[in-house]
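Listing of final.cif, mmCIF, N, CA and C atoms
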```cif
data_work
#
loop_
_atom_site.label_atom_id
_atom_site.label_comp_id
_atom_site.auth_asym_id
_atom_site.auth_seq_id
_atom_site.Cartn_x
_atom_site.Cartn_y
_atom_site.Cartn_z
N MET S 1344 -54.08 2.31 -30.58
CA MET S 1344 -53.09 1.35 -31.00
C MET S 1344 -52.13 2.05 -31.95
N ILE S 1345 -50.84 1.66 -31.85
CA ILE S 1345 -49.80 2.27 -32.68
C ILE S 1345 -49.75 1.52 -33.99
N THR S 1346 -49.81 2.30 -35.08
CA THR S 1346 -49.89 1.65 -36.39
C THR S 1346 -48.66 1.86 -37.25
N THR S 1347 -47.83 2.82 -36.95
CA THR S 1347 -46.67 3.07 -37.82
C THR S 1347 -45.53 2.12 -37.47
N PRO S 1348 -44.78 1.67 -38.45
CA PRO S 1348 -43.65 0.76 -38.18
C PRO S 1348 -42.58 1.42 -37.30
N PHE S 1349 -42.37 2.72 -37.47
CA PHE S 1349 -41.36 3.41 -36.67
C PHE S 1349 -41.74 3.38 -35.19
N ALA S 1350 -43.00 3.62 -34.87
CA ALA S 1350 -43.46 3.64 -33.49
C ALA S 1350 -43.33 2.24 -32.88
N ARG S 1351 -43.65 1.20 -33.66
CA ARG S 1351 -43.51 -0.17 -33.16
C ARG S 1351 -42.04 -0.49 -32.87
N LEU S 1352 -41.16 -0.06 -33.75
CA LEU S 1352 -39.73 -0.29 -33.56
C LEU S 1352 -39.22 0.44 -32.32
N LEU S 1353 -39.70 1.66 -32.11
CA LEU S 1353 -39.32 2.44 -30.94
C LEU S 1353 -39.76 1.75 -29.66
N LEU S 1354 -40.98 1.26 -29.62
CA LEU S 1354 -41.49 0.57 -28.44
C LEU S 1354 -40.70 -0.73 -28.18
N LEU S 1355 -40.37 -1.44 -29.25
CA LEU S 1355 -39.60 -2.65 -29.11
C LEU S 1355 -38.21 -2.34 -28.53
N ALA S 1356 -37.56 -1.30 -29.02
CA ALA S 1356 -36.24 -0.91 -28.53
C ALA S 1356 -36.30 -0.52 -27.05
N LEU S 1357 -37.32 0.22 -26.67
CA LEU S 1357 -37.49 0.61 -25.26
C LEU S 1357 -37.73 -0.62 -24.40
N GLY S 1358 -38.52 -1.54 -24.90
CA GLY S 1358 -38.81 -2.75 -24.15
C GLY S 1358 -37.56 -3.58 -23.91
N LEU S 1359 -36.63 -3.57 -24.84
CA LEU S 1359 -35.39 -4.32 -24.67
C LEU S 1359 -34.38 -3.56 -23.82
N ALA S 1360 -34.36 -2.24 -23.91
CA ALA S 1360 -33.37 -1.43 -23.21
C ALA S 1360 -33.69 -1.26 -21.72
N LEU S 1361 -34.93 -1.15 -21.37
CA LEU S 1361 -35.29 -0.90 -19.97
C LEU S 1361 -34.87 -2.03 -19.03
N PRO S 1362 -35.10 -3.30 -19.33
CA PRO S 1362 -34.64 -4.34 -18.41
C PRO S 1362 -33.12 -4.36 -18.25
N ALA S 1363 -32.37 -4.10 -19.31
CA ALA S 1363 -30.91 -4.06 -19.22
C ALA S 1363 -30.47 -2.91 -18.32
N ALA S 1364 -31.11 -1.77 -18.45
CA ALA S 1364 -30.78 -0.61 -17.60
C ALA S 1364 -31.11 -0.91 -16.15
N ALA S 1365 -32.22 -1.58 -15.91
CA ALA S 1365 -32.62 -1.91 -14.55
C ALA S 1365 -31.61 -2.88 -13.92
N ARG S 1366 -31.12 -3.85 -14.70
CA ARG S 1366 -30.11 -4.78 -14.18
C ARG S 1366 -28.82 -4.03 -13.85
N ALA S 1367 -28.43 -3.08 -14.67
CA ALA S 1367 -27.20 -2.32 -14.42
C ALA S 1367 -27.32 -1.52 -13.13
N VAL S 1368 -28.47 -0.91 -12.89
CA VAL S 1368 -28.69 -0.14 -11.67
C VAL S 1368 -28.68 -1.07 -10.48
N ASP S 1369 -29.32 -2.23 -10.60
CA ASP S 1369 -29.38 -3.19 -9.52
C ASP S 1369 -27.98 -3.71 -9.18
N THR S 1370 -27.17 -3.99 -10.19
CA THR S 1370 -25.80 -4.47 -9.97
C THR S 1370 -24.96 -3.40 -9.30
N ALA S 1371 -25.10 -2.15 -9.71
CA ALA S 1371 -24.33 -1.05 -9.12
C ALA S 1371 -24.68 -0.88 -7.64
N ALA S 1372 -25.92 -1.15 -7.28
CA ALA S 1372 -26.34 -0.99 -5.90
C ALA S 1372 -25.75 -2.07 -5.00
N THR S 1373 -25.39 -3.23 -5.54
CA THR S 1373 -24.89 -4.31 -4.72
C THR S 1373 -23.37 -4.32 -4.61
N VAL S 1374 -22.66 -3.50 -5.36
CA VAL S 1374 -21.20 -3.47 -5.29
C VAL S 1374 -20.79 -2.78 -4.00
N GLN S 1375 -19.95 -3.47 -3.21
CA GLN S 1375 -19.49 -2.94 -1.93
C GLN S 1375 -18.17 -2.21 -2.12
N PRO S 1376 -17.99 -1.03 -1.52
CA PRO S 1376 -16.69 -0.37 -1.61
C PRO S 1376 -15.68 -1.13 -0.75
N PRO S 1377 -14.38 -1.01 -1.06
CA PRO S 1377 -13.38 -1.70 -0.25
C PRO S 1377 -13.37 -1.14 1.16
N PRO S 1378 -12.99 -1.95 2.16
CA PRO S 1378 -12.99 -1.46 3.53
C PRO S 1378 -11.95 -0.37 3.72
N THR S 1379 -12.25 0.54 4.62
CA THR S 1379 -11.32 1.61 4.94
C THR S 1379 -10.20 1.04 5.80
N PRO S 1380 -8.91 1.24 5.41
CA PRO S 1380 -7.82 0.70 6.21
C PRO S 1380 -7.87 1.22 7.63
N GLY S 1381 -7.63 0.31 8.58
CA GLY S 1381 -7.60 0.71 9.97
C GLY S 1381 -8.93 0.61 10.67
N ILE S 1382 -10.03 0.45 9.94
CA ILE S 1382 -11.35 0.33 10.55
C ILE S 1382 -11.79 -1.12 10.40
N GLY S 1383 -11.80 -1.84 11.51
CA GLY S 1383 -12.21 -3.22 11.47
C GLY S 1383 -11.21 -4.13 10.80
N THR S 1384 -9.97 -3.68 10.70
CA THR S 1384 -8.92 -4.50 10.08
C THR S 1384 -7.77 -4.61 11.05
N SER S 1385 -6.91 -5.56 10.81
CA SER S 1385 -5.74 -5.74 11.66
C SER S 1385 -4.67 -4.70 11.31
N PRO S 1386 -3.70 -4.47 12.18
CA PRO S 1386 -2.64 -3.52 11.85
C PRO S 1386 -1.89 -3.90 10.59
N ALA S 1387 -1.78 -5.20 10.33
CA ALA S 1387 -1.08 -5.63 9.11
C ALA S 1387 -1.84 -5.19 7.87
N ASP S 1388 -3.18 -5.13 7.97
CA ASP S 1388 -3.98 -4.71 6.82
C ASP S 1388 -3.98 -3.20 6.64
N ALA S 1389 -3.58 -2.46 7.68
CA ALA S 1389 -3.65 -1.01 7.61
C ALA S 1389 -2.57 -0.41 6.72
N ALA S 1390 -1.49 -1.14 6.50
CA ALA S 1390 -0.44 -0.63 5.63
C ALA S 1390 -0.90 -0.68 4.18
N PRO S 1391 -0.63 0.36 3.42
CA PRO S 1391 -1.07 0.37 2.03
C PRO S 1391 -0.45 -0.76 1.24
N GLU S 1392 -1.22 -1.30 0.32
CA GLU S 1392 -0.72 -2.37 -0.53
C GLU S 1392 0.23 -1.84 -1.59
N HIS S 1393 0.00 -0.65 -2.06
CA HIS S 1393 0.82 -0.09 -3.13
C HIS S 1393 1.58 1.11 -2.60
N PRO S 1394 2.89 1.02 -2.62
CA PRO S 1394 3.68 2.12 -2.08
C PRO S 1394 3.62 3.33 -2.99
N ARG S 1395 3.95 4.46 -2.41
CA ARG S 1395 4.12 5.66 -3.23
C ARG S 1395 5.49 5.56 -3.85
N ARG S 1396 5.54 5.19 -5.09
CA ARG S 1396 6.82 4.98 -5.76
C ARG S 1396 7.61 6.28 -5.76
N GLY S 1397 8.91 6.13 -5.56
CA GLY S 1397 9.77 7.31 -5.57
C GLY S 1397 10.05 7.86 -4.18
N HIS S 1398 9.46 7.25 -3.14
CA HIS S 1398 9.66 7.76 -1.80
C HIS S 1398 10.45 6.80 -0.92
N GLY S 1399 10.83 5.61 -1.45
CA GLY S 1399 11.69 4.70 -0.72
C GLY S 1399 11.10 4.13 0.54
N GLY S 1400 9.79 4.00 0.64
CA GLY S 1400 9.17 3.47 1.84
C GLY S 1400 9.16 1.95 1.85
N PHE S 1401 8.88 1.40 3.03
CA PHE S 1401 8.77 -0.04 3.18
C PHE S 1401 7.33 -0.45 2.92
N VAL S 1402 7.15 -1.62 2.31
CA VAL S 1402 5.82 -2.12 1.99
C VAL S 1402 5.68 -3.50 2.61
N LEU S 1403 4.71 -3.64 3.50
CA LEU S 1403 4.51 -4.88 4.23
C LEU S 1403 4.28 -6.06 3.30
N ALA S 1404 3.47 -5.90 2.27
CA ALA S 1404 3.17 -7.01 1.37
C ALA S 1404 4.44 -7.52 0.68
N GLU S 1405 5.29 -6.61 0.26
CA GLU S 1405 6.54 -7.00 -0.40
C GLU S 1405 7.47 -7.72 0.57
N LEU S 1406 7.59 -7.18 1.79
CA LEU S 1406 8.45 -7.82 2.78
C LEU S 1406 7.91 -9.19 3.16
N THR S 1407 6.61 -9.30 3.29
CA THR S 1407 5.99 -10.59 3.63
C THR S 1407 6.28 -11.61 2.54
N GLU S 1408 6.14 -11.20 1.30
CA GLU S 1408 6.38 -12.10 0.17
C GLU S 1408 7.85 -12.49 0.08
N LYS S 1409 8.73 -11.52 0.16
CA LYS S 1409 10.15 -11.79 -0.05
C LYS S 1409 10.82 -12.49 1.13
N LEU S 1410 10.32 -12.22 2.34
CA LEU S 1410 10.97 -12.76 3.54
C LEU S 1410 10.19 -13.89 4.19
N GLY S 1411 8.96 -14.11 3.77
CA GLY S 1411 8.12 -15.15 4.38
C GLY S 1411 7.79 -14.84 5.82
N LEU S 1412 7.31 -13.63 6.08
CA LEU S 1412 6.99 -13.22 7.45
C LEU S 1412 5.83 -14.03 8.01
N THR S 1413 5.92 -14.35 9.30
CA THR S 1413 4.82 -15.01 10.00
C THR S 1413 3.77 -13.95 10.33
N ALA S 1414 2.62 -14.38 10.81
CA ALA S 1414 1.55 -13.44 11.18
C ALA S 1414 2.02 -12.50 12.29
N ASP S 1415 2.73 -13.04 13.29
CA ASP S 1415 3.25 -12.19 14.37
C ASP S 1415 4.28 -11.19 13.85
N GLN S 1416 5.14 -11.65 12.96
CA GLN S 1416 6.13 -10.74 12.37
C GLN S 1416 5.44 -9.66 11.55
N GLN S 1417 4.38 -10.02 10.84
CA GLN S 1417 3.65 -9.03 10.04
C GLN S 1417 3.09 -7.93 10.93
N LYS S 1418 2.55 -8.31 12.09
CA LYS S 1418 2.01 -7.31 13.02
C LYS S 1418 3.12 -6.39 13.52
N THR S 1419 4.24 -6.99 13.88
CA THR S 1419 5.37 -6.20 14.39
C THR S 1419 5.89 -5.25 13.31
N VAL S 1420 6.12 -5.80 12.12
CA VAL S 1420 6.67 -4.99 11.02
C VAL S 1420 5.67 -3.91 10.60
N ALA S 1421 4.37 -4.22 10.64
CA ALA S 1421 3.36 -3.21 10.29
C ALA S 1421 3.44 -2.02 11.25
N GLY S 1422 3.64 -2.30 12.54
CA GLY S 1422 3.79 -1.21 13.52
C GLY S 1422 5.04 -0.39 13.26
N ILE S 1423 6.12 -1.07 12.89
CA ILE S 1423 7.38 -0.37 12.59
C ILE S 1423 7.21 0.52 11.36
N ILE S 1424 6.55 -0.01 10.34
CA ILE S 1424 6.33 0.76 9.10
C ILE S 1424 5.44 1.97 9.39
N ALA S 1425 4.40 1.76 10.20
CA ALA S 1425 3.51 2.88 10.54
C ALA S 1425 4.27 3.97 11.28
N SER S 1426 5.15 3.57 12.19
CA SER S 1426 5.97 4.53 12.92
C SER S 1426 6.89 5.29 11.96
N ASN S 1427 7.48 4.55 11.02
CA ASN S 1427 8.35 5.17 10.01
C ASN S 1427 7.59 6.22 9.22
N ARG S 1428 6.40 5.87 8.77
CA ARG S 1428 5.60 6.81 7.97
C ARG S 1428 5.23 8.04 8.77
N SER S 1429 4.92 7.83 10.05
CA SER S 1429 4.58 8.96 10.91
C SER S 1429 5.76 9.91 11.07
N GLN S 1430 6.94 9.32 11.31
CA GLN S 1430 8.14 10.14 11.47
C GLN S 1430 8.48 10.88 10.18
N ALA S 1431 8.35 10.18 9.04
CA ALA S 1431 8.65 10.80 7.75
C ALA S 1431 7.67 11.94 7.46
N LYS S 1432 6.41 11.73 7.79
CA LYS S 1432 5.40 12.78 7.56
C LYS S 1432 5.72 14.00 8.42
N GLU S 1433 6.11 13.75 9.65
CA GLU S 1433 6.48 14.84 10.55
C GLU S 1433 7.66 15.63 10.00
N LEU S 1434 8.66 14.91 9.49
CA LEU S 1434 9.83 15.58 8.92
C LEU S 1434 9.47 16.39 7.68
N ARG S 1435 8.60 15.83 6.83
CA ARG S 1435 8.20 16.56 5.62
C ARG S 1435 7.47 17.85 5.95
N SER S 1436 6.75 17.84 7.05
CA SER S 1436 5.98 19.04 7.40
C SER S 1436 6.78 20.04 8.24
N ASP S 1437 7.99 19.66 8.66
CA ASP S 1437 8.83 20.55 9.48
C ASP S 1437 9.53 21.56 8.58
N GLU S 1438 8.99 22.76 8.55
CA GLU S 1438 9.52 23.80 7.67
C GLU S 1438 10.75 24.49 8.24
N SER S 1439 11.11 24.16 9.49
CA SER S 1439 12.30 24.78 10.08
C SER S 1439 13.59 24.13 9.59
N LEU S 1440 13.48 22.96 8.97
CA LEU S 1440 14.66 22.25 8.48
C LEU S 1440 15.01 22.67 7.06
N SER S 1441 16.30 22.73 6.80
CA SER S 1441 16.73 22.95 5.42
C SER S 1441 16.50 21.66 4.65
N LYS S 1442 16.55 21.75 3.34
CA LYS S 1442 16.34 20.56 2.50
C LYS S 1442 17.39 19.51 2.81
N ALA S 1443 18.64 19.93 2.99
CA ALA S 1443 19.73 18.99 3.28
C ALA S 1443 19.53 18.33 4.65
N ASP S 1444 19.14 19.13 5.65
CA ASP S 1444 18.91 18.56 6.99
C ASP S 1444 17.74 17.57 6.96
N ARG S 1445 16.69 17.94 6.26
CA ARG S 1445 15.52 17.06 6.15
C ARG S 1445 15.93 15.74 5.50
N HIS S 1446 16.74 15.84 4.45
CA HIS S 1446 17.19 14.65 3.75
C HIS S 1446 18.01 13.75 4.68
N GLN S 1447 18.93 14.33 5.43
CA GLN S 1447 19.75 13.56 6.36
C GLN S 1447 18.91 12.89 7.44
N LYS S 1448 17.93 13.62 7.95
CA LYS S 1448 17.07 13.05 8.99
C LYS S 1448 16.19 11.93 8.41
N MET S 1449 15.75 12.09 7.17
CA MET S 1449 14.96 11.04 6.52
C MET S 1449 15.80 9.78 6.36
N LEU S 1450 17.06 9.95 5.95
CA LEU S 1450 17.95 8.79 5.82
C LEU S 1450 18.15 8.11 7.17
N ALA S 1451 18.30 8.90 8.23
CA ALA S 1451 18.49 8.33 9.56
C ALA S 1451 17.24 7.56 10.00
N VAL S 1452 16.06 8.11 9.73
CA VAL S 1452 14.81 7.43 10.07
C VAL S 1452 14.71 6.12 9.30
N ARG S 1453 15.04 6.16 8.01
CA ARG S 1453 14.97 4.95 7.18
C ARG S 1453 15.92 3.88 7.69
N GLU S 1454 17.15 4.27 8.04
CA GLU S 1454 18.11 3.29 8.54
C GLU S 1454 17.68 2.74 9.89
N ALA S 1455 17.14 3.59 10.75
CA ALA S 1455 16.65 3.12 12.05
C ALA S 1455 15.49 2.13 11.85
N THR S 1456 14.65 2.42 10.87
CA THR S 1456 13.53 1.53 10.56
C THR S 1456 14.04 0.19 10.06
N ARG S 1457 15.04 0.24 9.18
CA ARG S 1457 15.64 -1.02 8.68
C ARG S 1457 16.18 -1.84 9.86
N GLY S 1458 16.81 -1.18 10.80
CA GLY S 1458 17.36 -1.88 11.97
C GLY S 1458 16.27 -2.51 12.81
N ARG S 1459 15.18 -1.80 13.02
CA ARG S 1459 14.06 -2.33 13.81
C ARG S 1459 13.40 -3.51 13.09
N ILE S 1460 13.23 -3.39 11.78
CA ILE S 1460 12.65 -4.50 11.02
C ILE S 1460 13.58 -5.70 11.09
N ARG S 1461 14.87 -5.45 10.87
CA ARG S 1461 15.85 -6.54 10.88
C ARG S 1461 15.84 -7.27 12.22
N ALA S 1462 15.68 -6.54 13.31
CA ALA S 1462 15.67 -7.14 14.65
C ALA S 1462 14.47 -8.08 14.85
N ALA S 1463 13.41 -7.87 14.08
CA ALA S 1463 12.20 -8.69 14.20
C ALA S 1463 12.28 -9.96 13.36
N LEU S 1464 13.38 -10.15 12.64
CA LEU S 1464 13.50 -11.27 11.71
C LEU S 1464 14.37 -12.39 12.28
N THR S 1465 14.18 -13.58 11.71
CA THR S 1465 15.04 -14.70 12.03
C THR S 1465 16.38 -14.50 11.32
N PRO S 1466 17.43 -15.21 11.72
CA PRO S 1466 18.73 -15.06 11.03
C PRO S 1466 18.63 -15.32 9.52
N ALA S 1467 17.86 -16.32 9.11
CA ALA S 1467 17.72 -16.60 7.68
C ALA S 1467 17.02 -15.44 6.97
N GLN S 1468 15.98 -14.88 7.60
CA GLN S 1468 15.27 -13.75 7.01
C GLN S 1468 16.17 -12.52 6.97
N GLN S 1469 17.03 -12.36 7.98
CA GLN S 1469 17.94 -11.22 8.01
C GLN S 1469 18.87 -11.23 6.82
N LYS S 1470 19.34 -12.41 6.43
CA LYS S 1470 20.21 -12.51 5.26
C LYS S 1470 19.48 -12.06 4.00
N LEU S 1471 18.23 -12.48 3.87
CA LEU S 1471 17.42 -12.05 2.71
C LEU S 1471 17.17 -10.54 2.76
N PHE S 1472 16.86 -10.04 3.95
CA PHE S 1472 16.58 -8.63 4.13
C PHE S 1472 17.81 -7.79 3.80
N ASP S 1473 18.99 -8.27 4.23
CA ASP S 1473 20.22 -7.54 3.96
C ASP S 1473 20.52 -7.46 2.47
N ALA S 1474 20.02 -8.43 1.70
CA ALA S 1474 20.25 -8.44 0.26
C ALA S 1474 19.31 -7.47 -0.47
N LEU S 1475 18.25 -7.02 0.21
CA LEU S 1475 17.34 -6.05 -0.41
C LEU S 1475 18.01 -4.69 -0.45
N PRO S 1476 17.80 -3.91 -1.51
CA PRO S 1476 18.40 -2.58 -1.56
C PRO S 1476 17.85 -1.69 -0.45
N ALA S 1477 18.73 -0.85 0.11
CA ALA S 1477 18.32 0.07 1.16
C ALA S 1477 17.29 1.05 0.64
N ASN S 1478 17.46 1.47 -0.60
CA ASN S 1478 16.52 2.38 -1.23
C ASN S 1478 16.47 2.00 -2.70
N ALA S 1479 15.50 1.18 -3.05
CA ALA S 1479 15.41 0.67 -4.41
C ALA S 1479 15.34 1.79 -5.44
N ASN S 1480 14.79 2.92 -5.07
CA ASN S 1480 14.64 4.02 -6.01
C ASN S 1480 15.96 4.75 -6.26
N ALA S 1481 16.90 4.64 -5.33
CA ALA S 1481 18.18 5.31 -5.50
C ALA S 1481 19.13 4.45 -6.33
N GLY S 1482 18.83 3.14 -6.40
CA GLY S 1482 19.66 2.26 -7.20
C GLY S 1482 21.00 1.96 -6.57
N GLY S 1483 21.17 2.27 -5.30
CA GLY S 1483 22.43 2.02 -4.63
C GLY S 1483 22.55 0.59 -4.19
N PRO S 1484 23.76 0.20 -3.76
CA PRO S 1484 23.95 -1.17 -3.29
C PRO S 1484 23.28 -1.38 -1.95
N PRO S 1485 23.01 -2.63 -1.59
CA PRO S 1485 22.40 -2.87 -0.28
C PRO S 1485 23.38 -2.49 0.82
N PRO S 1486 22.88 -2.17 1.99
CA PRO S 1486 23.78 -1.78 3.07
C PRO S 1486 24.59 -2.99 3.54
N ALA S 1487 25.76 -2.71 4.10
CA ALA S 1487 26.58 -3.78 4.65
C ALA S 1487 25.90 -4.31 5.89
N PRO S 1488 25.90 -5.62 6.09
CA PRO S 1488 25.27 -6.17 7.31
C PRO S 1488 26.05 -5.71 8.53
N PRO S 1489 25.36 -5.55 9.64
CA PRO S 1489 26.03 -5.10 10.86
C PRO S 1489 27.08 -6.12 11.30
N ALA S 1490 28.10 -5.64 11.94
CA ALA S 1490 29.16 -6.54 12.43
C ALA S 1490 28.61 -7.41 13.54
N PRO S 1491 28.97 -8.70 13.57
CA PRO S 1491 28.45 -9.60 14.61
C PRO S 1491 28.99 -9.28 15.98
#
```
Just give me the structure of the file as C-alpha coordinates.
Amino acid sequence: MITTPFARLLLLALGLALPAAARAVDTAATVQPPPTPGIGTSPADAAPEHPRRGHGGFVLAELTEKLGLTADQQKTVAGIIASNRSQAKELRSDESLSKADRHQKMLAVREATRGRIRAALTPAQQKLFDALPANANAGGPPPAPPAP
(Lines of atoms letter the chains of each structure in order from A and count residues from 1; the text may use other names and numbers.)
(Lines give C-alpha, C1' and ligand atoms only; values in the text may rest on other atoms or scores of the structure.)
Protein backbone atom coordinates (compact mmCIF):
# COMPACT_ATOMS: atom_id res chain seq x y z
CA MET A 1 0.00 0.00 0.00
CA ILE A 2 1.20 3.51 -0.83
CA THR A 3 1.67 5.61 2.26
CA THR A 4 3.28 8.86 1.16
CA PRO A 5 1.03 11.82 0.29
CA PHE A 6 3.03 12.50 -2.88
CA ALA A 7 2.44 8.98 -4.21
CA ARG A 8 -1.29 9.23 -3.44
CA LEU A 9 -1.47 12.56 -5.28
CA LEU A 10 0.38 11.07 -8.26
CA LEU A 11 -2.03 8.12 -8.46
CA LEU A 12 -5.01 10.45 -8.20
CA ALA A 13 -3.66 12.65 -11.03
CA LEU A 14 -3.07 9.60 -13.24
CA GLY A 15 -6.55 8.32 -12.47
CA LEU A 16 -8.06 11.60 -13.64
CA ALA A 17 -5.81 12.06 -16.68
CA LEU A 18 -6.13 8.60 -18.22
CA PRO A 19 -9.90 8.69 -18.92
CA ALA A 20 -9.57 12.16 -20.51
CA ALA A 21 -6.74 10.92 -22.73
CA ALA A 22 -8.76 7.85 -23.70
CA ARG A 23 -11.73 10.06 -24.69
CA ALA A 24 -9.44 12.26 -26.82
CA VAL A 25 -8.07 9.22 -28.66
CA ASP A 26 -11.57 7.83 -29.14
CA THR A 27 -12.83 11.17 -30.52
CA ALA A 28 -9.87 11.45 -32.91
CA ALA A 29 -10.63 7.99 -34.27
CA THR A 30 -14.22 8.93 -35.15
CA VAL A 31 -13.42 12.16 -37.06
CA GLN A 32 -13.95 11.59 -40.79
CA PRO A 33 -11.71 13.37 -43.31
CA PRO A 34 -13.53 15.48 -45.92
CA PRO A 35 -14.39 13.63 -49.15
CA THR A 36 -11.93 13.82 -52.00
CA PRO A 37 -13.33 16.08 -54.76
CA GLY A 38 -14.39 14.14 -57.81
CA ILE A 39 -14.75 10.79 -56.00
CA GLY A 40 -18.37 10.02 -55.30
CA THR A 41 -19.35 13.65 -55.78
CA SER A 42 -21.14 15.52 -58.52
CA PRO A 43 -19.21 17.66 -61.03
CA ALA A 44 -20.53 20.74 -59.25
CA ASP A 45 -18.86 19.55 -56.05
CA ALA A 46 -15.56 18.90 -57.80
CA ALA A 47 -14.79 22.60 -58.21
CA PRO A 48 -12.78 23.98 -55.31
CA GLU A 49 -14.69 26.06 -52.82
CA HIS A 50 -11.83 28.49 -52.28
CA PRO A 51 -10.15 29.95 -55.31
CA ARG A 52 -6.46 30.51 -55.59
CA ARG A 53 -6.52 34.23 -55.01
CA GLY A 54 -4.48 36.24 -57.45
CA HIS A 55 -5.12 33.96 -60.43
CA GLY A 56 -8.45 35.40 -61.65
CA GLY A 57 -10.24 32.06 -61.86
CA PHE A 58 -13.95 31.42 -61.76
CA VAL A 59 -15.47 29.95 -58.60
CA LEU A 60 -18.69 27.97 -58.88
CA ALA A 61 -19.86 28.75 -55.33
CA GLU A 62 -19.50 32.50 -55.90
CA LEU A 63 -21.28 32.37 -59.26
CA THR A 64 -24.05 30.23 -57.78
CA GLU A 65 -24.54 32.69 -54.93
CA LYS A 66 -24.36 35.86 -57.02
CA LEU A 67 -26.34 34.63 -60.02
CA GLY A 68 -28.74 32.13 -58.41
CA LEU A 69 -27.70 29.23 -60.64
CA THR A 70 -30.04 26.25 -60.91
CA ALA A 71 -28.72 22.72 -60.35
CA ASP A 72 -28.51 22.15 -64.13
CA GLN A 73 -26.69 25.44 -64.62
CA GLN A 74 -24.27 24.52 -61.82
CA LYS A 75 -23.39 21.28 -63.63
CA THR A 76 -22.88 23.11 -66.91
CA VAL A 77 -20.83 25.91 -65.36
CA ALA A 78 -18.76 23.40 -63.35
CA GLY A 79 -17.78 21.68 -66.61
CA ILE A 80 -16.88 25.03 -68.18
CA ILE A 81 -14.76 25.98 -65.16
CA ALA A 82 -13.00 22.60 -65.20
CA SER A 83 -12.21 23.07 -68.89
CA ASN A 84 -10.89 26.57 -68.17
CA ARG A 85 -8.61 25.27 -65.43
CA SER A 86 -7.34 22.50 -67.67
CA GLN A 87 -6.53 24.94 -70.47
CA ALA A 88 -4.87 27.38 -68.04
CA LYS A 89 -2.77 24.57 -66.54
CA GLU A 90 -1.69 23.51 -70.01
CA LEU A 91 -0.68 27.07 -70.87
CA ARG A 92 1.27 27.48 -67.62
CA SER A 93 3.25 24.35 -68.36
CA ASP A 94 3.97 25.31 -72.00
CA GLU A 95 7.57 26.48 -71.84
CA SER A 96 7.69 27.26 -75.57
CA LEU A 97 5.61 30.42 -75.02
CA SER A 98 7.05 33.74 -74.03
CA LYS A 99 5.61 35.36 -70.92
CA ALA A 100 3.72 37.89 -73.07
CA ASP A 101 2.30 35.19 -75.36
CA ARG A 102 1.26 33.08 -72.37
CA HIS A 103 -0.45 36.11 -70.84
CA GLN A 104 -2.35 36.87 -74.06
CA LYS A 105 -3.46 33.26 -74.43
CA MET A 106 -4.59 33.19 -70.78
CA LEU A 107 -6.68 36.31 -71.38
CA ALA A 108 -8.21 34.70 -74.47
CA VAL A 109 -9.05 31.52 -72.52
CA ARG A 110 -10.60 33.59 -69.72
CA GLU A 111 -12.73 35.61 -72.16
CA ALA A 112 -13.82 32.46 -74.00
CA THR A 113 -14.78 30.94 -70.64
CA ARG A 114 -16.78 34.05 -69.73
CA GLY A 115 -18.62 33.71 -73.05
CA ARG A 116 -19.42 30.04 -72.47
CA ILE A 117 -20.63 30.73 -68.92
CA ARG A 118 -22.70 33.69 -70.14
CA ALA A 119 -24.34 31.50 -72.80
CA ALA A 120 -25.53 29.11 -70.06
CA LEU A 121 -27.35 31.90 -68.20
CA THR A 122 -30.81 33.41 -68.45
CA PRO A 123 -31.04 37.03 -69.70
CA ALA A 124 -31.52 38.29 -66.13
CA GLN A 125 -28.48 36.31 -64.93
CA GLN A 126 -26.46 37.60 -67.90
CA LYS A 127 -27.03 41.17 -66.73
CA LEU A 128 -25.74 40.27 -63.27
CA PHE A 129 -22.82 38.35 -64.78
CA ASP A 130 -21.90 41.28 -67.02
CA ALA A 131 -21.71 43.50 -63.93
CA LEU A 132 -19.10 41.20 -62.36
CA PRO A 133 -15.50 42.28 -62.98
CA ALA A 134 -13.73 40.34 -65.72
CA ASN A 135 -10.75 39.92 -63.43
CA ALA A 136 -11.44 41.03 -59.87
CA ASN A 137 -7.73 40.88 -59.06
CA ALA A 138 -6.81 43.31 -61.82
CA GLY A 139 -9.32 45.86 -60.57
CA GLY A 140 -10.41 46.71 -64.10
CA PRO A 141 -13.92 47.61 -65.19
CA PRO A 142 -16.32 44.86 -66.19
CA PRO A 143 -16.30 43.96 -69.87
CA ALA A 144 -18.80 45.61 -72.18
CA PRO A 145 -21.78 43.34 -72.88
CA PRO A 146 -21.80 41.83 -76.35
CA ALA A 147 -23.77 43.68 -79.00
CA PRO A 148 -27.28 42.26 -79.49
(request) Can you check which residues of region 1423-1469 of chain S DSSP gives as alpha helix (DSSP H) on the backbone and send them as a ChimeraX atom specification? (result) /S:1423-1436,1442-1462,1466-1469
(message) Report, in Å to a single decimal, how far apart atom C of Thr1456 (chain S) and atom N of Leu1403 (chain S) are.
(response)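 Computed distance, atom N of Leu1403 (chain S) to atom C of Thr1456 (chain S), equals 12.0 Å.
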(request) Go through S:Leu1475, S:Met1449, S:Leu1410, S:Leu1464 one by one, measure the shortest atom-to-atom distance of each to Ser1429 (chain S) using only C-alpha atoms, and give the residue with the smallest value. (result)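 Comparing S:Leu1475, S:Met1449, S:Leu1410, S:Leu1464 against Ser1429 (chain S), the winner is S:Met1449.
Nearest residue to Arg1428 (chain S) among S:Phe1401, S:Lys1470, S:Arg1351, S:Ala1451 is S:Phe1401, counting all atoms listed in the file.
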